[in-house]
file target15.cif (mmCIF, C-alpha atoms)
data_model
#
loop_
_atom_site.group_PDB
_atom_site.id
_atom_site.type_symbol
_atom_site.label_atom_id
_atom_site.label_comp_id
_atom_site.auth_asym_id
_atom_site.auth_seq_id
_atom_site.Cartn_x
_atom_site.Cartn_y
_atom_site.Cartn_z
ATOM 1 C CA MET A 814 0.000 0.000 0.000
ATOM 2 C CA SER A 815 1.372 3.427 -0.923
ATOM 3 C CA ARG A 816 1.414 6.174 1.668
ATOM 4 C CA SER A 817 0.581 9.765 0.867
ATOM 5 C CA SER A 818 3.166 12.417 1.743
ATOM 6 C CA PRO A 819 2.636 14.765 4.723
ATOM 7 C CA LEU A 820 2.211 17.628 2.245
ATOM 8 C CA ALA A 821 -0.500 15.766 0.369
ATOM 9 C CA ARG A 822 -2.284 14.844 3.594
ATOM 10 C CA ARG A 823 -2.072 18.441 4.817
ATOM 11 C CA GLY A 824 -3.375 19.709 1.487
ATOM 12 C CA ALA A 825 -6.306 17.317 1.672
ATOM 13 C CA ALA A 826 -7.065 18.465 5.209
ATOM 14 C CA VAL A 827 -7.043 22.094 4.159
ATOM 15 C CA ALA A 828 -9.248 21.296 1.169
ATOM 16 C CA CYS A 829 -11.796 19.761 3.500
ATOM 17 C CA ALA A 830 -11.677 22.923 5.621
ATOM 18 C CA LEU A 831 -12.663 25.204 2.764
ATOM 19 C CA LEU A 832 -16.145 26.477 2.060
ATOM 20 C CA LEU A 833 -15.989 26.548 -1.752
ATOM 21 C CA GLY A 834 -19.561 27.564 -2.462
ATOM 22 C CA VAL A 835 -19.147 31.271 -1.771
ATOM 23 C CA CYS A 836 -18.118 32.207 -5.296
ATOM 24 C CA ASP A 837 -17.895 28.825 -6.978
ATOM 25 C CA PHE A 838 -18.018 28.420 -10.764
ATOM 26 C CA PRO A 839 -16.927 25.788 -13.289
ATOM 27 C CA LEU A 840 -13.284 26.154 -14.341
ATOM 28 C CA ALA A 841 -13.884 27.162 -17.952
ATOM 29 C CA ALA A 842 -12.520 29.949 -20.102
ATOM 30 C CA GLU A 843 -15.947 30.966 -21.451
ATOM 31 C CA GLY A 844 -16.806 34.529 -20.577
ATOM 32 C CA ILE A 845 -13.211 35.660 -19.981
ATOM 33 C CA VAL A 846 -12.515 38.732 -22.085
ATOM 34 C CA VAL A 847 -8.882 39.752 -21.715
ATOM 35 C CA GLY A 848 -8.642 43.442 -20.911
ATOM 36 C CA ALA A 849 -12.225 43.810 -19.721
ATOM 37 C CA PRO A 850 -12.470 45.585 -16.343
ATOM 38 C CA ARG A 851 -15.229 43.182 -15.319
ATOM 39 C CA VAL A 852 -15.417 39.485 -16.070
ATOM 40 C CA THR A 853 -18.520 37.342 -15.541
ATOM 41 C CA LEU A 854 -18.192 33.621 -14.962
ATOM 42 C CA ASP A 855 -21.178 31.418 -14.201
ATOM 43 C CA GLY A 856 -23.196 34.399 -13.063
ATOM 44 C CA LYS A 857 -20.479 35.740 -10.747
ATOM 45 C CA THR A 858 -18.752 39.053 -11.434
ATOM 46 C CA PHE A 859 -15.080 39.873 -10.924
ATOM 47 C CA ASP A 860 -13.207 43.149 -11.147
ATOM 48 C CA VAL A 861 -9.924 42.552 -12.948
ATOM 49 C CA THR A 862 -6.966 44.695 -13.920
ATOM 50 C CA TRP A 863 -4.686 43.343 -16.635
ATOM 51 C CA ASP A 864 -1.044 43.498 -17.630
ATOM 52 C CA GLU A 865 -1.140 45.120 -21.063
ATOM 53 C CA ILE A 866 1.826 43.093 -22.328
ATOM 54 C CA THR A 867 1.376 39.611 -20.829
ATOM 55 C CA HIS A 868 -2.453 39.777 -20.750
ATOM 56 C CA ALA A 869 -2.332 38.198 -17.297
ATOM 57 C CA PRO A 870 -4.489 39.503 -14.419
ATOM 58 C CA MET A 871 -2.737 41.849 -11.995
ATOM 59 C CA THR A 872 -5.601 42.152 -9.509
ATOM 60 C CA VAL A 873 -8.756 40.073 -9.104
ATOM 61 C CA SER A 874 -11.603 40.747 -6.700
ATOM 62 C CA ALA A 875 -15.093 39.277 -6.591
ATOM 63 C CA VAL A 876 -18.065 41.641 -6.660
ATOM 64 C CA GLY A 877 -20.598 40.902 -3.926
ATOM 65 C CA CYS A 878 -18.814 37.789 -2.675
ATOM 66 C CA ASP A 879 -15.358 36.491 -1.794
ATOM 67 C CA LEU A 880 -12.772 34.641 -3.846
ATOM 68 C CA LEU A 881 -12.563 32.022 -1.125
ATOM 69 C CA VAL A 882 -13.638 31.423 2.474
ATOM 70 C CA VAL A 883 -11.491 29.255 4.747
ATOM 71 C CA LYS A 884 -13.013 27.483 7.728
ATOM 72 C CA GLY A 885 -10.985 27.143 10.923
ATOM 73 C CA ILE A 886 -8.406 29.743 9.926
ATOM 74 C CA GLU A 887 -7.827 30.718 13.562
ATOM 75 C CA GLY A 888 -6.351 27.299 14.321
ATOM 76 C CA MET A 889 -4.174 26.894 11.231
ATOM 77 C CA GLU A 890 -0.395 26.880 11.220
ATOM 78 C CA ARG A 891 1.886 28.272 8.523
ATOM 79 C CA GLY A 892 2.254 24.901 6.785
ATOM 80 C CA GLU A 893 -1.505 24.598 6.358
ATOM 81 C CA VAL A 894 -1.997 28.194 5.262
ATOM 82 C CA GLN A 895 0.557 27.874 2.469
ATOM 83 C CA ASP A 896 -1.593 25.202 0.811
ATOM 84 C CA ILE A 897 -4.508 27.611 0.511
ATOM 85 C CA GLY A 898 -2.645 29.355 -2.304
ATOM 86 C CA THR A 899 -2.537 26.093 -4.235
ATOM 87 C CA LEU A 900 -6.295 25.703 -3.902
ATOM 88 C CA LEU A 901 -6.944 29.344 -4.797
ATOM 89 C CA VAL A 902 -4.805 29.184 -7.940
ATOM 90 C CA ASN A 903 -6.340 25.862 -8.965
ATOM 91 C CA LYS A 904 -9.807 27.362 -8.581
ATOM 92 C CA TYR A 905 -8.943 30.373 -10.785
ATOM 93 C CA ARG A 906 -6.278 28.801 -12.975
ATOM 94 C CA HIS A 907 -8.079 29.556 -16.244
ATOM 95 C CA LEU A 908 -8.195 33.219 -15.319
ATOM 96 C CA LEU A 909 -4.640 33.389 -13.921
ATOM 97 C CA ARG A 910 -3.278 31.083 -16.649
ATOM 98 C CA VAL A 911 -0.728 29.410 -14.394
ATOM 99 C CA ARG A 912 -0.786 26.041 -12.676
ATOM 100 C CA PRO A 913 -0.672 25.617 -8.881
ATOM 101 C CA GLU A 914 2.638 23.757 -9.068
ATOM 102 C CA GLN A 915 4.234 26.846 -10.627
ATOM 103 C CA LEU A 916 3.965 28.753 -7.351
ATOM 104 C CA VAL A 917 6.395 28.399 -4.459
ATOM 105 C CA LEU A 918 5.754 30.018 -1.091
ATOM 106 C CA ARG A 919 7.809 33.095 -0.227
ATOM 107 C CA LYS A 920 6.137 34.284 2.959
ATOM 108 C CA ALA A 921 3.184 33.441 5.192
ATOM 109 C CA GLU A 922 2.910 35.805 8.131
ATOM 110 C CA LYS A 923 0.155 36.406 10.662
ATOM 111 C CA SER A 924 -0.686 39.827 12.077
ATOM 112 C CA ASP A 925 -3.727 40.839 14.153
ATOM 113 C CA GLY A 926 -5.532 37.626 13.200
ATOM 114 C CA SER A 927 -5.009 38.025 9.443
ATOM 115 C CA TRP A 928 -2.631 35.988 7.289
ATOM 116 C CA PHE A 929 -0.548 37.606 4.547
ATOM 117 C CA VAL A 930 0.695 35.096 1.991
ATOM 118 C CA SER A 931 2.921 35.561 -1.054
ATOM 119 C CA TYR A 932 4.395 33.277 -3.698
ATOM 120 C CA ARG A 933 6.903 33.390 -6.533
ATOM 121 C CA GLN A 934 6.332 31.817 -9.953
ATOM 122 C CA VAL A 935 8.653 28.950 -10.839
ATOM 123 C CA VAL A 936 8.913 27.217 -14.221
ATOM 124 C CA ARG A 937 10.795 23.904 -14.347
ATOM 125 C CA GLY A 938 12.678 24.734 -11.182
ATOM 126 C CA LEU A 939 13.691 28.257 -12.219
ATOM 127 C CA ALA A 940 12.310 31.295 -10.431
ATOM 128 C CA VAL A 941 10.726 33.892 -12.712
ATOM 129 C CA TYR A 942 12.359 37.173 -11.758
ATOM 130 C CA ASP A 943 9.986 39.834 -10.388
ATOM 131 C CA SER A 944 7.015 37.447 -10.371
ATOM 132 C CA SER A 945 4.603 37.298 -7.464
ATOM 133 C CA LEU A 946 1.145 36.322 -6.274
ATOM 134 C CA GLY A 947 -0.206 37.514 -2.957
ATOM 135 C CA PHE A 948 -3.388 37.707 -0.937
ATOM 136 C CA SER A 949 -4.561 38.133 2.626
ATOM 137 C CA ILE A 950 -6.927 35.994 4.701
ATOM 138 C CA ASP A 951 -8.875 37.998 7.248
ATOM 139 C CA PRO A 952 -9.746 36.692 10.738
ATOM 140 C CA ASP A 953 -13.064 35.375 9.378
ATOM 141 C CA GLY A 954 -11.213 33.300 6.766
ATOM 142 C CA ARG A 955 -12.187 35.476 3.793
ATOM 143 C CA VAL A 956 -9.951 35.998 0.782
ATOM 144 C CA ARG A 957 -11.429 39.080 -0.837
ATOM 145 C CA SER A 958 -8.875 39.756 -3.584
ATOM 146 C CA LEU A 959 -5.467 38.849 -4.934
ATOM 147 C CA GLY A 960 -2.631 40.680 -6.623
ATOM 148 C CA ALA A 961 -0.160 39.176 -9.060
ATOM 149 C CA ILE A 962 2.698 39.652 -11.492
ATOM 150 C CA LEU A 963 2.623 36.445 -13.513
ATOM 151 C CA TYR A 964 4.109 35.304 -16.797
ATOM 152 C CA PRO A 965 1.939 32.511 -18.235
ATOM 153 C CA ASP A 966 4.172 32.133 -21.316
ATOM 154 C CA ALA A 967 7.493 31.932 -19.428
ATOM 155 C CA ARG A 968 9.723 29.366 -21.142
ATOM 156 C CA VAL A 969 13.492 29.066 -21.585
ATOM 157 C CA SER A 970 15.944 26.482 -22.888
ATOM 158 C CA PRO A 971 16.704 23.821 -20.265
ATOM 159 C CA VAL A 972 20.418 24.002 -21.090
ATOM 160 C CA PRO A 973 22.489 27.218 -21.364
ATOM 161 C CA ARG A 974 25.095 27.741 -24.081
ATOM 162 C CA LEU A 975 27.405 29.617 -21.716
ATOM 163 C CA ASP A 976 28.843 27.878 -18.697
ATOM 164 C CA ARG A 977 28.871 29.552 -15.327
ATOM 165 C CA GLU A 978 32.590 30.469 -15.446
ATOM 166 C CA HIS A 979 32.229 32.283 -18.781
ATOM 167 C CA ALA A 980 29.166 34.178 -17.542
ATOM 168 C CA LEU A 981 31.003 35.192 -14.366
ATOM 169 C CA LYS A 982 33.921 36.583 -16.415
ATOM 170 C CA ILE A 983 31.433 38.717 -18.360
ATOM 171 C CA ALA A 984 29.940 40.014 -15.113
ATOM 172 C CA ARG A 985 33.348 40.842 -13.650
ATOM 173 C CA ALA A 986 34.297 42.662 -16.853
ATOM 174 C CA ARG A 987 31.248 44.872 -16.426
ATOM 175 C CA LEU A 988 32.330 45.678 -12.856
ATOM 176 C CA ARG A 989 35.715 46.775 -14.139
ATOM 177 C CA GLU A 990 34.001 49.027 -16.669
ATOM 178 C CA THR A 991 31.949 50.690 -13.932
ATOM 179 C CA GLY A 992 34.847 51.033 -11.511
ATOM 180 C CA GLU A 993 33.425 48.462 -9.078
ATOM 181 C CA SER A 994 36.056 45.733 -9.423
ATOM 182 C CA ASP A 995 36.591 45.741 -5.655
ATOM 183 C CA LEU A 996 33.167 44.118 -5.138
ATOM 184 C CA ALA A 997 33.231 40.420 -4.198
ATOM 185 C CA LEU A 998 30.847 37.686 -5.357
ATOM 186 C CA SER A 999 28.510 36.943 -2.454
ATOM 187 C CA ALA A 1000 25.645 34.942 -3.978
ATOM 188 C CA GLU A 1001 24.442 33.683 -7.328
ATOM 189 C CA SER A 1002 21.496 31.958 -8.953
ATOM 190 C CA VAL A 1003 19.927 31.044 -12.269
ATOM 191 C CA ALA A 1004 16.477 32.404 -13.054
ATOM 192 C CA ILE A 1005 14.107 33.285 -15.872
ATOM 193 C CA TYR A 1006 14.423 36.977 -16.658
ATOM 194 C CA PRO A 1007 11.411 38.505 -18.499
ATOM 195 C CA GLU A 1008 12.664 41.362 -20.656
ATOM 196 C CA ARG A 1009 9.857 43.774 -21.515
ATOM 197 C CA ARG A 1010 10.267 45.745 -24.714
ATOM 198 C CA ALA A 1011 8.198 46.958 -27.667
ATOM 199 C CA GLY A 1012 4.943 45.593 -26.291
ATOM 200 C CA ALA A 1013 6.269 42.060 -25.836
ATOM 201 C CA VAL A 1014 8.162 39.943 -23.329
ATOM 202 C CA GLU A 1015 11.283 37.977 -24.225
ATOM 203 C CA PHE A 1016 12.325 35.329 -21.702
ATOM 204 C CA HIS A 1017 15.985 34.684 -20.930
ATOM 205 C CA ARG A 1018 17.725 32.006 -18.930
ATOM 206 C CA ALA A 1019 19.943 34.283 -16.859
ATOM 207 C CA TYR A 1020 22.836 33.922 -14.477
ATOM 208 C CA ILE A 1021 22.351 36.421 -11.642
ATOM 209 C CA PHE A 1022 25.523 37.338 -9.777
ATOM 210 C CA ASN A 1023 25.300 39.332 -6.549
ATOM 211 C CA PHE A 1024 28.427 41.330 -5.705
ATOM 212 C CA PHE A 1025 28.901 43.159 -2.396
ATOM 213 C CA ALA A 1026 31.561 45.423 -0.964
ATOM 214 C CA ARG A 1027 34.457 43.575 0.677
ATOM 215 C CA LYS A 1028 34.436 46.109 3.494
ATOM 216 C CA GLU A 1029 31.894 48.474 5.008
ATOM 217 C CA THR A 1030 31.009 51.332 2.686
ATOM 218 C CA HIS A 1031 30.635 54.958 3.705
ATOM 219 C CA PRO A 1032 27.935 55.290 6.415
ATOM 220 C CA GLY A 1033 26.061 57.824 4.295
ATOM 221 C CA SER A 1034 25.779 55.442 1.337
ATOM 222 C CA VAL A 1035 22.816 53.083 1.077
ATOM 223 C CA ALA A 1036 24.292 51.156 -1.867
ATOM 224 C CA ASN A 1037 26.407 48.156 -0.886
ATOM 225 C CA GLY A 1038 26.694 46.105 -4.057
ATOM 226 C CA ARG A 1039 25.424 45.282 -7.504
ATOM 227 C CA ALA A 1040 23.492 42.469 -9.183
ATOM 228 C CA ILE A 1041 24.422 41.609 -12.766
ATOM 229 C CA PHE A 1042 22.173 39.530 -15.023
ATOM 230 C CA VAL A 1043 23.960 37.652 -17.824
ATOM 231 C CA ASP A 1044 22.075 35.893 -20.621
ATOM 232 C CA GLY A 1045 23.000 32.207 -20.442
ATOM 233 C CA MET A 1046 22.544 31.806 -24.183
ATOM 234 C CA THR A 1047 24.248 34.896 -25.660
ATOM 235 C CA GLY A 1048 26.344 36.369 -22.860
ATOM 236 C CA ARG A 1049 24.574 39.706 -23.147
ATOM 237 C CA ILE A 1050 24.259 41.795 -19.997
ATOM 238 C CA LEU A 1051 20.504 41.912 -19.497
ATOM 239 C CA LYS A 1052 20.393 44.122 -16.432
ATOM 240 C CA THR A 1053 22.501 45.614 -13.681
ATOM 241 C CA GLN A 1054 20.960 46.755 -10.442
ATOM 242 C CA PRO A 1055 22.318 48.317 -7.251
ATOM 243 C CA LEU A 1056 21.955 46.278 -4.085
ATOM 244 C CA PHE A 1057 21.044 48.333 -1.058
ATOM 245 C CA LYS A 1058 22.082 47.810 2.549
ATOM 246 C CA PRO A 1059 18.530 47.882 4.005
ATOM 247 C CA LEU A 1060 17.368 45.167 1.598
ATOM 248 C CA GLY A 1061 20.218 42.768 2.283
ATOM 249 C CA CYS A 1062 20.962 39.767 0.065
ATOM 250 C CA CYS A 1063 19.961 38.857 -2.672
ATOM 251 C CA LEU A 1064 18.318 38.823 -6.087
ATOM 252 C CA PRO A 1065 16.083 37.266 -7.317
ATOM 253 C CA GLY A 1066 14.702 37.099 -3.781
ATOM 254 C CA ASP A 1067 14.973 35.628 -0.321
ATOM 255 C CA TRP A 1068 15.250 32.091 -1.678
ATOM 256 C CA THR A 1069 16.651 30.514 -4.819
ATOM 257 C CA PRO A 1070 15.524 27.171 -6.312
ATOM 258 C CA GLY A 1071 18.433 24.844 -6.954
ATOM 259 C CA ASN A 1072 20.951 26.687 -4.777
#
call {"tool": "encode", "arguments": {"input": "target15.cif", "output": "structure tokens"}}
result
Amino acid sequence: MSRSSPLARRGAAVACALLLGVCDFPLAAEGIVVGAPRVTLDGKTFDVTWDEITHAPMTVSAVGCDLLVVKGIEGMERGEVQDIGTLLVNKYRHLLRVRPEQLVLRKAEKSDGSWFVSYRQVVRGLAVYDSSLGFSIDPDGRVRSLGAILYPDARVSPVPRLDREHALKIARARLRETGESDLALSAESVAIYPERRAGAVEFHRAYIFNFFARKETHPGSVANGRAIFVDGMTGRILKTQPLFKPLGCCLPGDWTPGN
């Protein structure tokens, strides 16, 4: 006899705790008009704002009802709350255009009885830079709206043309050009970088190198390092970005798949 994993059992328990009839509708694409400020599905109305380039929803809120209501929220722990995002995304997957398994928990924090939960989009183990999905659960267990930056079409080659050493040399060369060669490599990752330009998004498999000062910088300076994004296929510098002391380490976020 096979045994289900603790995660699967916890997910099933949370599923049983949900009251899904509040704003329930069949998961079908009929009635979804991309760009429309209001979308009607199975007689229920939703206010939606859209990303003009990706055509993915940026905010979704139900009119006259809730996106979801969770029973027993007051007794739930962080591990149980994180599974609510999976159920929420599965319920609205045809509107959000991403699958539940493409979201990995970033934070689940409780304050004054409400939970604040956020996720990052991941495609085949690679984080999608600057992606997010977040919502709050009030003390009564109601999820009234969600906010998101999602990339439903995110795809990159599974294998880079440039190896890590070559990409790092390119990044260090850029530091020499900018007079920052004294910065030391502190962290690194590989992620999907969505480059927005000319009304379209081009996805790159990118090495992201995080360089920080070897010694304490001037007390009046908030900058303490630089992140450099190198295209793993062409070697092109996709982006450079200052790293600030108050934000700490690192890009693309507070966790990195595969590291």
call {"tool": "closest_residue", "arguments": {"input": "target15.cif", "among": "A:Val1014, A:Ala875, A:Ile866, A:Val930", "to": "A:Ala967", "atoms": "only C-alpha atoms"}}
result
A:Val1014
call {"tool": "closest_residue", "arguments": {"input": "target15.cif", "among": "A:Trp928, A:Tyr1006, A:Tyr905, A:Phe1057", "to": "A:Ala940", "atoms": "all atoms listed in the file"}}
result
A:Tyr1006
call {"tool": "residues_around", "arguments": {"input": "target15.cif", "residues": "stretch 969-985 of chain A", "least_positions_apart": "2", "cutoff": "6 Å", "atoms": "all atoms listed in the file", "output": "list in words"}}
result
Arg987, Leu988, Arg1018, Gly1045 and Met1046 of chain A
call {"tool": "atom_distance", "arguments": {"input": "target15.cif", "atom1": "atom CA of A:Ala869", "atom2": "atom CA of A:Ile1005"}}
result
17.2 Å
call {"tool": "residues_around", "arguments": {"input": "target15.cif", "residues": "stretch 1019-1021 of chain A", "least_positions_apart": "4", "cutoff": "7 Å", "atoms": "all atoms listed in the file", "output": "JSON list (two decimals) with C-alpha atoms, keeping the file's coordinate frame"}}
result
[["chain", "number", "residue", "atom", "x", "y", "z"],
["A", 1001, "GLU", "CA", 24.44, 33.68, -7.33],
["A", 1002, "SER", "CA", 21.50, 31.96, -8.95],
["A", 1003, "VAL", "CA", 19.93, 31.04, -12.27],
["A", 1004, "ALA", "CA", 16.48, 32.40, -13.05],
["A", 1005, "ILE", "CA", 14.11, 33.28, -15.87],
["A", 1006, "TYR", "CA", 14.42, 36.98, -16.66],
["A", 1040, "ALA", "CA", 23.49, 42.47, -9.18],
["A", 1041, "ILE", "CA", 24.42, 41.61, -12.77],
["A", 1042, "PHE", "CA", 22.17, 39.53, -15.02],
["A", 1043, "VAL", "CA", 23.96, 37.65, -17.82],
["A", 1044, "ASP", "CA", 22.08, 35.89, -20.62],
["A", 1045, "GLY", "CA", 23.00, 32.21, -20.44]]
call {"tool": "build_atoms", "arguments": {"input": "target15.cif", "residues": "stretch 966-976 of chain A", "atoms": "all heavy atoms", "output": "PDB file, in the coordinates of the input"}}
result
ATOM      1  N   ASP A 966       3.438  32.674 -20.176  1.00  0.00           N
ATOM      2  CA  ASP A 966       4.172  32.133 -21.316  1.00  0.00           C
ATOM      3  C   ASP A 966       5.658  31.949 -21.024  1.00  0.00           C
ATOM      4  O   ASP A 966       6.457  31.753 -21.961  1.00  0.00           O
ATOM      5  CB  ASP A 966       4.002  33.055 -22.527  1.00  0.00           C
ATOM      6  CG  ASP A 966       2.534  33.196 -22.938  1.00  0.00           C
ATOM      7  OD1 ASP A 966       1.798  32.188 -22.860  1.00  0.00           O
ATOM      8  OD2 ASP A 966       2.122  34.304 -23.312  1.00  0.00           O
ATOM      9  N   ALA A 967       6.071  32.019 -19.771  1.00  0.00           N
ATOM     10  CA  ALA A 967       7.493  31.932 -19.428  1.00  0.00           C
ATOM     11  C   ALA A 967       8.068  30.568 -19.804  1.00  0.00           C
ATOM     12  O   ALA A 967       7.634  29.541 -19.291  1.00  0.00           O
ATOM     13  CB  ALA A 967       7.688  32.198 -17.938  1.00  0.00           C
ATOM     14  N   ARG A 968       9.039  30.572 -20.706  1.00  0.00           N
ATOM     15  CA  ARG A 968       9.723  29.366 -21.142  1.00  0.00           C
ATOM     16  C   ARG A 968      11.153  29.731 -21.511  1.00  0.00           C
ATOM     17  O   ARG A 968      11.389  30.761 -22.123  1.00  0.00           O
ATOM     18  CB  ARG A 968       9.047  28.732 -22.367  1.00  0.00           C
ATOM     19  CG  ARG A 968       7.598  28.299 -22.166  1.00  0.00           C
ATOM     20  CD  ARG A 968       7.498  27.078 -21.271  1.00  0.00           C
ATOM     21  NE  ARG A 968       6.126  26.595 -21.195  1.00  0.00           N
ATOM     22  CZ  ARG A 968       5.195  27.101 -20.376  1.00  0.00           C
ATOM     23  NH1 ARG A 968       5.503  28.101 -19.588  1.00  0.00           N
ATOM     24  NH2 ARG A 968       3.970  26.605 -20.362  1.00  0.00           N
ATOM     25  N   VAL A 969      12.109  28.876 -21.168  1.00  0.00           N
ATOM     26  CA  VAL A 969      13.492  29.066 -21.585  1.00  0.00           C
ATOM     27  C   VAL A 969      14.092  27.704 -21.905  1.00  0.00           C
ATOM     28  O   VAL A 969      13.553  26.659 -21.522  1.00  0.00           O
ATOM     29  CB  VAL A 969      14.348  29.753 -20.502  1.00  0.00           C
ATOM     30  CG1 VAL A 969      13.906  31.185 -20.286  1.00  0.00           C
ATOM     31  CG2 VAL A 969      14.330  28.972 -19.197  1.00  0.00           C
ATOM     32  N   SER A 970      15.237  27.718 -22.592  1.00  0.00           N
ATOM     33  CA  SER A 970      15.944  26.482 -22.888  1.00  0.00           C
ATOM     34  C   SER A 970      16.390  25.817 -21.592  1.00  0.00           C
ATOM     35  O   SER A 970      16.859  26.495 -20.674  1.00  0.00           O
ATOM     36  CB  SER A 970      17.155  26.776 -23.772  1.00  0.00           C
ATOM     37  OG  SER A 970      17.975  25.629 -23.890  1.00  0.00           O
ATOM     38  N   PRO A 971      16.274  24.498 -21.494  1.00  0.00           N
ATOM     39  CA  PRO A 971      16.704  23.821 -20.265  1.00  0.00           C
ATOM     40  C   PRO A 971      18.216  23.796 -20.087  1.00  0.00           C
ATOM     41  O   PRO A 971      18.704  23.528 -18.988  1.00  0.00           O
ATOM     42  CB  PRO A 971      16.133  22.407 -20.438  1.00  0.00           C
ATOM     43  CG  PRO A 971      16.003  22.228 -21.916  1.00  0.00           C
ATOM     44  CD  PRO A 971      15.673  23.575 -22.462  1.00  0.00           C
ATOM     45  N   VAL A 972      18.959  24.063 -21.155  1.00  0.00           N
ATOM     46  CA  VAL A 972      20.418  24.002 -21.090  1.00  0.00           C
ATOM     47  C   VAL A 972      21.009  25.300 -21.628  1.00  0.00           C
ATOM     48  O   VAL A 972      20.690  25.715 -22.739  1.00  0.00           O
ATOM     49  CB  VAL A 972      20.965  22.813 -21.907  1.00  0.00           C
ATOM     50  CG1 VAL A 972      22.484  22.763 -21.812  1.00  0.00           C
ATOM     51  CG2 VAL A 972      20.362  21.504 -21.415  1.00  0.00           C
ATOM     52  N   PRO A 973      21.870  25.988 -20.869  1.00  0.00           N
ATOM     53  CA  PRO A 973      22.489  27.218 -21.364  1.00  0.00           C
ATOM     54  C   PRO A 973      23.622  26.916 -22.342  1.00  0.00           C
ATOM     55  O   PRO A 973      24.211  25.830 -22.323  1.00  0.00           O
ATOM     56  CB  PRO A 973      23.028  27.861 -20.088  1.00  0.00           C
ATOM     57  CG  PRO A 973      23.357  26.700 -19.204  1.00  0.00           C
ATOM     58  CD  PRO A 973      22.294  25.664 -19.499  1.00  0.00           C
ATOM     59  N   ARG A 974      23.943  27.880 -23.196  1.00  0.00           N
ATOM     60  CA  ARG A 974      25.095  27.741 -24.081  1.00  0.00           C
ATOM     61  C   ARG A 974      26.376  28.164 -23.383  1.00  0.00           C
ATOM     62  O   ARG A 974      27.454  27.653 -23.667  1.00  0.00           O
ATOM     63  CB  ARG A 974      24.886  28.593 -25.342  1.00  0.00           C
ATOM     64  CG  ARG A 974      23.783  28.082 -26.251  1.00  0.00           C
ATOM     65  CD  ARG A 974      23.578  29.007 -27.429  1.00  0.00           C
ATOM     66  NE  ARG A 974      22.455  28.565 -28.256  1.00  0.00           N
ATOM     67  CZ  ARG A 974      21.884  29.306 -29.199  1.00  0.00           C
ATOM     68  NH1 ARG A 974      22.325  30.539 -29.434  1.00  0.00           N
ATOM     69  NH2 ARG A 974      20.876  28.833 -29.902  1.00  0.00           N
ATOM     70  N   LEU A 975      26.259  29.136 -22.468  1.00  0.00           N
ATOM     71  CA  LEU A 975      27.405  29.617 -21.716  1.00  0.00           C
ATOM     72  C   LEU A 975      27.498  28.877 -20.389  1.00  0.00           C
ATOM     73  O   LEU A 975      26.473  28.686 -19.717  1.00  0.00           O
ATOM     74  CB  LEU A 975      27.282  31.111 -21.417  1.00  0.00           C
ATOM     75  CG  LEU A 975      27.975  32.099 -22.367  1.00  0.00           C
ATOM     76  CD1 LEU A 975      27.354  32.022 -23.747  1.00  0.00           C
ATOM     77  CD2 LEU A 975      27.889  33.502 -21.812  1.00  0.00           C
ATOM     78  N   ASP A 976      28.712  28.466 -20.022  1.00  0.00           N
ATOM     79  CA  ASP A 976      28.843  27.878 -18.697  1.00  0.00           C
ATOM     80  C   ASP A 976      28.967  28.988 -17.660  1.00  0.00           C
ATOM     81  O   ASP A 976      29.150  30.161 -17.975  1.00  0.00           O
ATOM     82  CB  ASP A 976      30.024  26.912 -18.630  1.00  0.00           C
ATOM     83  CG  ASP A 976      31.359  27.561 -18.951  1.00  0.00           C
ATOM     84  OD1 ASP A 976      31.511  28.784 -18.757  1.00  0.00           O
ATOM     85  OD2 ASP A 976      32.261  26.835 -19.415  1.00  0.00           O
TER      86      ASP A 976
END
